[in-house]
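Novice: Got a file for you: entry-v3.cif, mmCIF, C-alpha atoms.
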```cif
data_protein
loop_
_atom_site.label_atom_id
_atom_site.label_comp_id
_atom_site.auth_asym_id
_atom_site.auth_seq_id
_atom_site.Cartn_x
_atom_site.Cartn_y
_atom_site.Cartn_z
CA MET A 1 -69.65 -61.58 107.67
CA ALA A 2 -68.41 -60.15 107.06
CA TRP A 3 -68.86 -56.46 107.59
CA THR A 4 -72.33 -56.65 106.29
CA ASN A 5 -74.58 -54.25 104.55
CA VAL A 6 -75.43 -52.65 101.30
CA TYR A 7 -76.32 -49.04 100.94
CA LEU A 8 -77.98 -47.67 97.90
CA PRO A 9 -81.54 -48.84 97.26
CA LEU A 10 -81.96 -51.42 94.52
CA PRO A 11 -85.20 -51.93 92.62
CA LEU A 12 -87.47 -54.61 93.99
CA ALA A 13 -88.98 -57.03 91.54
CA ASN A 14 -92.76 -57.00 91.20
CA MET A 15 -93.32 -54.45 93.95
CA SER A 16 -95.58 -51.45 93.62
CA THR A 17 -94.21 -48.09 94.68
CA GLN A 18 -97.65 -46.50 94.91
CA PRO A 19 -98.68 -45.39 98.42
CA ILE A 20 -101.36 -47.88 99.35
CA VAL A 21 -101.34 -48.06 103.16
CA LEU A 22 -102.82 -45.06 104.90
CA ALA A 23 -101.03 -43.69 107.95
CA SER A 24 -104.16 -44.36 109.98
CA GLU A 25 -103.82 -48.07 109.15
CA ILE A 26 -100.06 -48.46 109.56
CA GLU A 27 -100.14 -49.73 113.16
CA ARG A 28 -102.59 -52.48 112.26
CA GLU A 29 -100.46 -53.39 109.24
CA THR A 30 -97.01 -53.39 110.90
CA GLY A 31 -97.43 -53.11 114.66
CA PHE A 32 -95.61 -49.75 114.76
CA GLY A 33 -97.59 -46.73 115.95
CA LYS A 34 -97.54 -43.33 114.29
CA ASP A 35 -95.60 -41.77 117.18
CA GLN A 36 -92.89 -44.43 116.93
CA LEU A 37 -92.56 -43.94 113.18
CA ARG A 38 -92.37 -40.17 113.61
CA LYS A 39 -89.47 -40.55 116.06
CA TRP A 40 -87.66 -42.85 113.67
CA ARG A 41 -88.20 -40.41 110.80
CA GLN A 42 -86.68 -37.61 112.85
CA ARG A 43 -83.69 -39.69 113.96
CA PHE A 44 -83.03 -42.04 111.03
CA GLY A 45 -84.85 -40.46 108.09
CA PHE A 46 -87.14 -43.49 107.77
CA PRO A 47 -89.94 -44.16 106.97
CA PRO A 48 -90.26 -41.43 104.33
CA ALA A 49 -93.28 -39.15 104.40
CA GLU A 50 -95.62 -39.91 101.50
CA SER A 51 -99.14 -38.93 100.54
CA THR A 52 -102.00 -39.98 98.28
CA ALA A 53 -103.49 -37.90 95.47
CA ASN A 54 -105.95 -36.35 97.92
CA SER A 55 -103.10 -35.44 100.33
CA LYS A 56 -103.77 -38.18 102.88
CA ALA A 57 -100.65 -39.45 104.64
CA ALA A 58 -99.76 -42.92 103.39
CA TYR A 59 -96.95 -45.42 102.94
CA SER A 60 -95.83 -47.33 99.86
CA ARG A 61 -95.92 -51.10 99.81
CA GLU A 62 -92.12 -51.10 99.63
CA THR A 63 -91.93 -49.04 102.84
CA VAL A 64 -94.43 -51.33 104.57
CA ASP A 65 -92.41 -54.39 103.56
CA GLN A 66 -89.28 -52.76 104.98
CA LEU A 67 -91.12 -52.06 108.23
CA LEU A 68 -92.15 -55.71 108.45
CA LEU A 69 -88.52 -56.73 107.95
CA ILE A 70 -87.48 -54.29 110.66
CA LYS A 71 -90.08 -55.78 113.00
CA ARG A 72 -88.69 -59.30 112.41
CA LEU A 73 -85.11 -58.15 113.02
CA LEU A 74 -86.05 -56.29 116.21
CA GLU A 75 -87.76 -59.44 117.44
CA GLY A 76 -84.55 -61.30 116.65
CA GLY A 77 -82.48 -59.09 118.93
CA PHE A 78 -81.31 -56.22 116.73
CA ARG A 79 -81.49 -52.64 117.98
CA PRO A 80 -83.38 -49.88 116.13
CA ARG A 81 -80.18 -48.04 115.20
CA GLN A 82 -78.89 -51.22 113.53
CA VAL A 83 -81.89 -51.66 111.24
CA VAL A 84 -84.03 -48.53 110.90
CA GLY A 85 -83.01 -46.53 107.85
CA LYS A 86 -81.30 -49.47 106.12
CA THR A 87 -82.36 -50.34 102.59
CA ALA A 88 -84.47 -53.41 101.91
CA LEU A 89 -81.43 -55.28 100.62
CA GLU A 90 -79.46 -54.40 103.75
CA LEU A 91 -82.31 -55.72 105.88
CA GLU A 92 -82.46 -58.94 103.88
CA THR A 93 -78.71 -59.29 104.39
CA LEU A 94 -79.12 -58.92 108.14
CA LYS A 95 -81.73 -61.68 108.09
CA LEU A 96 -78.91 -64.04 107.23
CA ALA A 97 -77.55 -63.44 110.73
CA LEU A 98 -80.80 -64.89 112.09
CA GLY A 99 -80.33 -68.00 109.98
CA GLU A 100 -83.41 -67.30 107.88
CA PRO A 101 -83.64 -67.85 104.13
CA VAL A 102 -83.58 -64.73 101.99
CA PRO A 103 -86.25 -64.65 99.28
CA ILE A 104 -85.26 -63.84 95.73
CA VAL A 105 -86.77 -60.39 95.25
CA TYR A 106 -83.97 -58.49 93.56
CA ALA A 107 -83.50 -58.14 89.84
CA VAL A 108 -79.74 -57.61 89.95
CA GLU A 109 -78.61 -58.45 86.43
CA SER A 110 -74.93 -58.76 87.31
CA THR A 111 -75.68 -61.34 90.03
CA GLN A 112 -77.38 -63.69 87.62
CA ALA A 113 -74.63 -63.24 85.03
CA LEU A 114 -71.89 -63.89 87.59
CA ILE A 115 -73.58 -67.01 88.95
CA ALA A 116 -73.96 -68.29 85.39
CA GLN A 117 -70.20 -67.93 84.84
CA ILE A 118 -69.45 -69.74 88.10
CA LYS A 119 -71.70 -72.61 87.06
CA LEU A 120 -69.67 -72.90 83.85
CA ILE A 121 -66.38 -72.53 85.78
CA ASP A 122 -65.62 -69.68 83.37
CA LEU A 123 -63.28 -67.69 85.61
CA ALA A 124 -62.18 -65.35 82.83
CA GLY A 125 -65.81 -64.51 82.10
CA PHE A 126 -66.51 -64.05 85.81
CA SER A 127 -63.58 -61.65 86.19
CA ALA A 128 -64.60 -59.75 83.07
CA ILE A 129 -68.07 -59.08 84.48
CA LEU A 130 -66.59 -57.94 87.80
CA ALA A 131 -64.24 -55.59 85.93
CA GLU A 132 -67.10 -54.19 83.88
CA GLU A 133 -69.18 -53.55 87.00
CA ARG A 134 -66.22 -52.00 88.82
CA ALA A 135 -65.41 -49.67 85.92
CA SER A 136 -68.61 -47.69 86.43
CA GLN A 137 -68.59 -47.59 90.25
CA THR A 138 -66.48 -46.47 93.16
CA LEU A 139 -65.30 -49.34 95.34
CA ILE A 140 -67.82 -48.59 98.06
CA ASP A 141 -70.65 -48.72 95.50
CA PHE A 142 -69.11 -51.83 93.93
CA VAL A 143 -69.19 -53.77 97.20
CA ARG A 144 -72.67 -52.46 97.96
CA ASN A 145 -74.32 -52.95 94.59
CA THR A 146 -72.38 -55.81 92.98
CA VAL A 147 -70.49 -57.89 95.55
CA THR A 148 -73.06 -58.01 98.34
CA PRO A 149 -76.02 -58.96 96.07
CA LEU A 150 -73.75 -61.59 94.50
CA LEU A 151 -72.96 -63.15 97.88
CA ILE A 152 -76.64 -63.24 98.81
CA GLY A 153 -77.52 -64.68 95.40
CA ILE A 154 -74.84 -67.37 95.45
CA GLY A 155 -75.86 -68.46 98.95
CA ASP A 156 -79.50 -68.61 97.93
CA ALA A 157 -78.63 -70.60 94.79
CA TRP A 158 -76.78 -73.14 96.95
CA ARG A 159 -79.71 -73.44 99.37
CA ARG A 160 -81.98 -74.18 96.40
CA ASP A 161 -79.54 -76.83 95.10
CA GLU A 162 -78.89 -74.89 91.91
CA ILE A 163 -75.13 -75.00 92.55
CA ASP A 164 -72.77 -77.17 94.57
CA ILE A 165 -70.73 -76.00 97.53
CA HIS A 166 -67.58 -75.88 95.40
CA HIS A 167 -69.25 -73.24 93.22
CA GLU A 168 -69.84 -71.08 96.28
CA HIS A 169 -66.25 -71.49 97.45
CA LEU A 170 -64.94 -70.71 93.98
CA CYS A 171 -67.05 -67.56 93.83
CA THR A 172 -65.73 -66.40 97.20
CA CYS A 173 -62.11 -67.03 96.22
CA CYS A 174 -62.49 -65.20 92.92
CA VAL A 175 -64.03 -62.15 94.60
CA GLU A 176 -61.33 -62.17 97.27
CA ARG A 177 -58.57 -62.22 94.64
CA TYR A 178 -60.26 -59.44 92.70
CA LEU A 179 -60.60 -57.20 95.77
CA GLN A 180 -57.02 -57.88 96.84
CA ALA A 181 -55.83 -56.71 93.43
CA GLU A 182 -57.99 -53.59 93.74
CA VAL A 183 -56.54 -52.77 97.18
CA LEU A 184 -53.02 -52.91 95.79
CA LYS A 185 -53.87 -50.22 93.22
CA PHE A 186 -54.35 -47.56 95.89
CA LYS A 187 -51.55 -45.56 97.46
CA PRO A 188 -52.22 -44.34 101.02
CA ARG A 189 -52.48 -40.60 101.52
CA ASN A 190 -50.01 -38.96 103.87
CA GLY A 191 -51.59 -38.13 107.19
CA LEU A 192 -54.31 -40.76 107.09
CA PRO A 193 -54.28 -43.51 109.73
CA SER A 194 -52.82 -47.00 109.47
CA ILE A 195 -55.35 -49.81 109.92
CA LEU A 196 -54.43 -53.42 110.66
CA PHE A 197 -57.06 -55.91 109.47
CA ALA A 198 -57.27 -59.39 110.96
CA LEU A 199 -59.65 -62.19 111.89
CA PRO A 200 -59.61 -63.41 115.51
CA PRO A 201 -58.77 -66.96 116.63
CA GLY A 202 -61.14 -69.48 115.11
CA GLU A 203 -62.51 -67.09 112.47
CA HIS A 204 -61.90 -67.89 108.79
CA HIS A 205 -64.53 -65.86 106.89
CA LEU A 206 -62.27 -63.25 105.30
CA LEU A 207 -64.35 -61.71 102.53
CA GLY A 208 -66.34 -59.22 104.61
CA LEU A 209 -63.20 -57.84 106.21
CA LEU A 210 -61.56 -57.60 102.80
CA MET A 211 -64.53 -55.65 101.45
CA THR A 212 -64.11 -53.13 104.26
CA GLU A 213 -60.35 -52.94 103.68
CA ALA A 214 -60.96 -52.17 100.01
CA VAL A 215 -63.44 -49.41 100.85
CA LEU A 216 -61.02 -47.76 103.29
CA ALA A 217 -58.05 -48.18 100.96
CA GLU A 218 -60.02 -46.26 98.36
CA GLN A 219 -60.46 -43.50 100.95
CA GLY A 220 -56.67 -43.26 101.35
CA ALA A 221 -56.05 -45.22 104.54
CA ARG A 222 -52.89 -47.30 104.87
CA THR A 223 -54.24 -50.83 105.12
CA ILE A 224 -52.36 -53.88 106.36
CA SER A 225 -53.96 -57.34 106.34
CA ILE A 226 -52.53 -60.28 108.27
CA GLY A 227 -55.24 -62.83 107.51
CA SER A 228 -57.43 -65.19 109.49
CA ASP A 229 -57.32 -67.13 112.76
CA ILE A 230 -54.74 -64.83 114.39
CA PRO A 231 -53.96 -65.49 118.10
CA LEU A 232 -54.52 -62.31 120.08
CA ASN A 233 -50.96 -62.15 121.40
CA HIS A 234 -49.67 -62.35 117.82
CA LEU A 235 -52.15 -59.68 116.80
CA LYS A 236 -50.82 -57.42 119.54
CA LEU A 237 -47.24 -57.88 118.33
CA ALA A 238 -48.26 -57.18 114.73
CA ALA A 239 -50.16 -54.04 115.71
CA LEU A 240 -47.19 -52.67 117.63
CA ALA A 241 -44.69 -53.57 114.91
CA CYS A 242 -46.83 -51.92 112.22
CA LYS A 243 -47.51 -48.87 114.41
CA ALA A 244 -51.20 -49.32 113.68
CA ASP A 245 -53.63 -46.59 114.67
CA VAL A 246 -56.56 -49.02 114.43
CA VAL A 247 -56.97 -52.78 114.69
CA ALA A 248 -60.03 -53.90 112.72
CA LEU A 249 -61.60 -57.32 113.34
CA SER A 250 -64.54 -59.12 111.78
CA PHE A 251 -66.80 -61.74 113.37
CA SER A 252 -69.03 -63.76 111.05
CA PHE A 253 -72.44 -65.23 111.89
CA ALA A 254 -70.64 -68.57 112.41
CA TYR A 255 -68.42 -67.25 115.20
CA PRO A 256 -69.58 -68.42 118.67
CA ALA A 257 -71.66 -65.56 120.04
CA ARG A 258 -70.47 -66.19 123.60
CA ASP A 259 -66.86 -65.58 122.54
CA VAL A 260 -67.23 -62.24 120.75
CA VAL A 261 -67.24 -59.87 123.74
CA PRO A 262 -64.56 -61.77 125.73
CA THR A 263 -62.30 -61.69 122.66
CA LEU A 264 -62.74 -57.94 122.25
CA VAL A 265 -62.27 -57.28 125.98
CA HIS A 266 -59.09 -59.35 126.03
CA LEU A 267 -57.68 -57.58 122.97
CA ARG A 268 -58.52 -54.21 124.47
CA ARG A 269 -56.41 -55.08 127.52
CA LEU A 270 -53.52 -56.15 125.32
CA LEU A 271 -53.32 -53.05 123.14
CA PRO A 272 -52.21 -49.53 124.09
CA GLY A 273 -55.08 -47.25 125.02
CA GLN A 274 -54.51 -44.89 122.09
CA MET A 275 -54.78 -47.73 119.57
CA GLN A 276 -58.41 -48.03 118.49
CA ILE A 277 -60.28 -51.32 118.00
CA TRP A 278 -63.01 -51.59 115.40
CA ALA A 279 -65.23 -54.67 115.19
CA GLY A 280 -67.74 -55.54 112.49
CA GLY A 281 -69.60 -58.41 110.92
CA ALA A 282 -72.82 -60.29 111.56
CA GLY A 283 -71.31 -61.72 114.74
CA VAL A 284 -71.28 -58.34 116.51
CA LEU A 285 -74.85 -57.36 115.67
CA GLY A 286 -76.28 -59.26 118.64
CA ILE A 287 -74.03 -57.55 121.21
CA ARG A 288 -76.30 -55.84 123.71
CA LYS A 289 -73.60 -53.98 125.64
CA HIS A 290 -70.61 -52.77 123.67
CA PRO A 291 -67.22 -53.41 125.28
CA LYS A 292 -65.56 -50.25 126.53
CA GLY A 293 -62.91 -48.94 124.17
CA VAL A 294 -64.25 -50.85 121.15
CA ARG A 295 -66.09 -49.25 118.24
CA ILE A 296 -68.76 -51.46 116.66
CA ILE A 297 -69.04 -50.89 112.90
CA THR A 298 -72.26 -52.10 111.30
CA ASP A 299 -71.78 -51.02 107.70
CA PHE A 300 -69.32 -49.61 105.18
CA GLY A 301 -70.53 -46.04 105.62
CA GLU A 302 -69.83 -46.19 109.35
CA ALA A 303 -66.31 -47.42 108.58
CA VAL A 304 -65.70 -44.42 106.31
CA THR A 305 -67.11 -42.07 108.94
CA ALA A 306 -64.89 -43.63 111.61
CA LEU A 307 -61.87 -43.18 109.34
CA ASN A 308 -62.69 -39.54 108.69
CA ASN A 309 -63.13 -38.88 112.40
CA LEU A 310 -59.70 -40.20 113.33
CA PRO A 311 -57.06 -37.54 114.08
CA LEU A 312 -54.58 -36.99 111.26
CA GLN A 313 -51.26 -38.73 111.72
CA ARG A 314 -47.92 -37.13 110.92
CA SER A 315 -46.85 -39.47 108.17
CA ALA A 316 -46.92 -43.14 107.27
CA PRO A 317 -44.87 -45.22 104.86
CA GLU A 318 -46.56 -45.49 101.48
CA GLN A 319 -47.54 -49.12 101.29
CA SER A 320 -50.87 -50.89 101.27
CA GLY A 321 -52.41 -54.32 101.46
CA LEU A 322 -49.42 -56.05 103.05
#
```
Please rewrite the model in this file as C-alpha cells.
Specialist:
Amino acid sequence: MAWTNVYLPLPLANMSTQPIVLASEIERETGFGKDQLRKWRQRFGFPPAESTANSKAAYSRETVDQLLLIKRLLEGGFRPRQVVGKTALELETLKLALGEPVPIVYAVESTQALIAQIKLIDLAGFSAILAEERASQTLIDFVRNTVTPLLIGIGDAWRRDEIDIHHEHLCTCCVERYLQAEVLKFKPRNGLPSILFALPPGEHHLLGLLMTEAVLAEQGARTISIGSDIPLNHLKLAALACKADVVALSFSFAYPARDVVPTLVHLRRLLPGQMQIWAGGAGVLGIRKHPKGVRIITDFGEAVTALNNLPLQRSAPEQSGL
C-alpha cells in the first residue's frame, strides 16, 4: 500500500450462498456472540440478516467465512471499524498487511487475462485489456474491481513461482503509467480543494497513492503529485508553494511501523494548522492511537467522503497531476 481496499463484492469461486449456519450456532462457529453481531449490524451493516425457508435466523457460508477473516484480522491488531463491513476481497487484501498468503478464491476474469499478457510481455495487449475494463467503469470501480484484484493476483502468482519478479515490476509500472494518463484527462472543478500527494522519506511504493489520486481526480479535486521518498522539509515547502489544502501520504506494509506516527507528528508540526494531513496505506492500519490533526484514510470511499466534507475553496488554477 498502498491505500488499500476494494469495495463492491465480487463473486467467490465454489462458495455456496445458501444460509447454512443457524444464528444459534454462530458463536460456536466463529467465536462472535449474537449480541456482538447485532451491534455490528446496527453500526456497520454487517453481517446481513438472513433466514432459512422455515424463517429461522441463519448466516450464509460466505458471511461465516467473512466473519472468520474478521476474527483473524482483529487478532492481528486491526480495529472493528477497519474490518467489519468490508467485502471478502477487501479483507483478503488486508491480510497482506499481516504477511499472510492470500488464497486464490476469486474468479476475476480480467486478472487472469492481464497476468497472461504480462507473462508474454505483451504490453499492448495488457493496455488494451485495461482500457476495455476502464471503458465500462468509473475510476473508483476500476481500481476496486480491476486494479486491486490484479495486484493481489500478480503477487500470488509470484509467490507460487508462476512468474518472476520482473513480471511483477512490469505489471506495476504499466498500471502506474495507465493511471497517470487517466489522471491527466480530468480537469479540476472550481471550488474543490487542492491535494498534494507524496510518499514520505524511505517510502517507494507509489501505486496505492496513485490509485487514490486517480479516484479523487475523477471527483474533481486538483491533484498534484511530487513522487516518492520526499524529505519532510521539502514536502512542507512544496505544500506551501502549491497552496495545498491537503497533504496526502501513503505508508506501505514495508514501511517501518515504528516510524509511521513520528513521521506524521513531525509533518503536522511543520505544516500550517489549516492544512489537512491525510494518511493511508497498509502501514497505517496498525496505528492504535491516531496522531492529533491527522486523518487516517482506510479505503477509497473514505477518501471521497473526506474530499466532499472539505470546505469549498474560492478558486484554484485548472491543472492536475503535476
Novice: So what does the PyMOL selection byres ((chain A and resi 249-256) around 6) actually pick up in this one, as a PyMOL selection string?
Specialist: chain A and resi 1-2+97+198-199+209+248+257-259+279-283
Novice: Which residue, A:Ala131, A:His205, A:Val215, A:Ile118, has the smallest gap to A:His167 when you use only C-alpha atoms?
Specialist: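 Between A:Ala131, A:His205, A:Val215, A:Ile118, the residue approaching A:His167 most closely is A:Ile118.
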Novice: In Å, how far is it from atom CA of A:Ile152 to atom CA of A:Ala113?
Specialist: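 Straight-line distance from atom CA of A:Ile152 to atom CA of A:Ala113 works out to 13.9 Å.
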Novice: Considering only C-alpha atoms, state which residue in the set A:Ser225, A:Arg79, A:Thr212, A:Pro272 is at the smallest distance from A:Ile297.
Specialist: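 Counting only C-alpha atoms, the residue closest to A:Ile297 is A:Thr212.
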Novice: Hey, which of A:Asp245, A:Glu203, A:Glu90, A:Asp229 ends up closest to A:Pro149? Count all atoms listed in the file.
Specialist: A:Glu90
Novice: So how far away is atom CA of A:Asp299 from atom CA of A:Leu69, in Å?
Specialist: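 Pair atom CA of A:Leu69 / atom CA of A:Asp299 returns 17.7 Å.
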Novice: Pick out the closest residue to A:Pro201 from this set: A:Val294, A:Ala135, A:Leu232, A:Leu285. Count all atoms listed in the file.
Specialist: A:Leu232
Novice: Determine the residue membership of the PyMOL selection byres ((chain A and resi 172) around 12) for the file above and supply it as an NGL selection string.
Specialist: :A and (2 or 114-115 or 118 or 123 or 126 or 147-148 or 150-152 or 154-155 or 165-171 or 173-179 or 205-208 or 210-211)
Novice: Using Å and a single decimal, report how far atom CA of A:Gln276 sits from atom CA of A:Pro231.
Specialist: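 That distance, rounded to one decimal, is 18.0 Å.
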Novice: Which polymer residues have any atom within 12 Å of an atom of A:Glu27, counting all atoms listed in the file, with same-chain residues fewer than 5 positions away left out, as a list in words?
Specialist: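 Surrounding residues, per the criterion: Val21, Leu22, Phe32, Gly33, Lys34, Asp35, Gln36, Leu37, Ala58, Tyr59, Val64, Leu67, Leu68 and Lys71 of chain A.
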Novice: For the file shown, what are the residues hit by the PyMOL selection byres ((chain A and resi 65) around 12), laid out as a list in words?
Specialist: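 In the shown coordinates, the PyMOL selection byres ((chain A and resi 65) around 12) covers Leu12, Met15, Ser16, Thr17, Ile20, Val21, Ile26, Glu29, Thr30, Pro47, Tyr59, Ser60, Arg61, Glu62, Thr63, Val64, Gln66, Leu67, Leu68, Leu69, Ile70, Lys71, Arg72, Thr87, Ala88, Leu89, Leu91, Glu92 and Val105 of chain A.
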Novice: Would you list the contacts of A:Leu271 as an NGL selection string, taking every protein, DNA or RNA residue within 10 Å and counting all atoms listed in the file, but skipping same-chain residues closer than 2 positions in sequence?
Specialist: :A and (232-233 or 235-237 or 239-240 or 247 or 266-269 or 273-277)
Novice: Pick out the residues sitting within 9 Å of A:Lys119, and hand them over as a list in words; count all atoms listed in the file, and ignore anything fewer than 6 positions along from it in its own chain.
Specialist: Glu162, Ile163, Asp164 and His167 of chain A
Novice: Can you tell me, as a VMD selection string, what residues are no more than 9 Å from A:Ala217 when counting only C-alpha atoms, ignoring any on the same chain fewer than 5 positions away?
Specialist: chain A and resid 183 to 184 186 to 188 212 222 to 223 320 to 321
Novice: For stretch 213-232 of chain A, what centre and edge lengths in Å (one decimal) does the axis-aligned box get once 8 Å is added on each side of all its listed atoms, as JSON?
Specialist:
```
{"center_x": -57.9, "center_y": -55.2, "center_z": 109.2, "size_x": 27.1, "size_y": 39.9, "size_z": 37.7}
```
Novice: Would you mind telling me which residue in A:Leu73, A:Ala238, A:Leu216, A:Ile230 lies nearest to A:Thr305 when using all atoms listed in the file?
Specialist: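 Going through A:Leu73, A:Ala238, A:Leu216, A:Ile230 one by one, the smallest distance to A:Thr305 is for A:Leu216.
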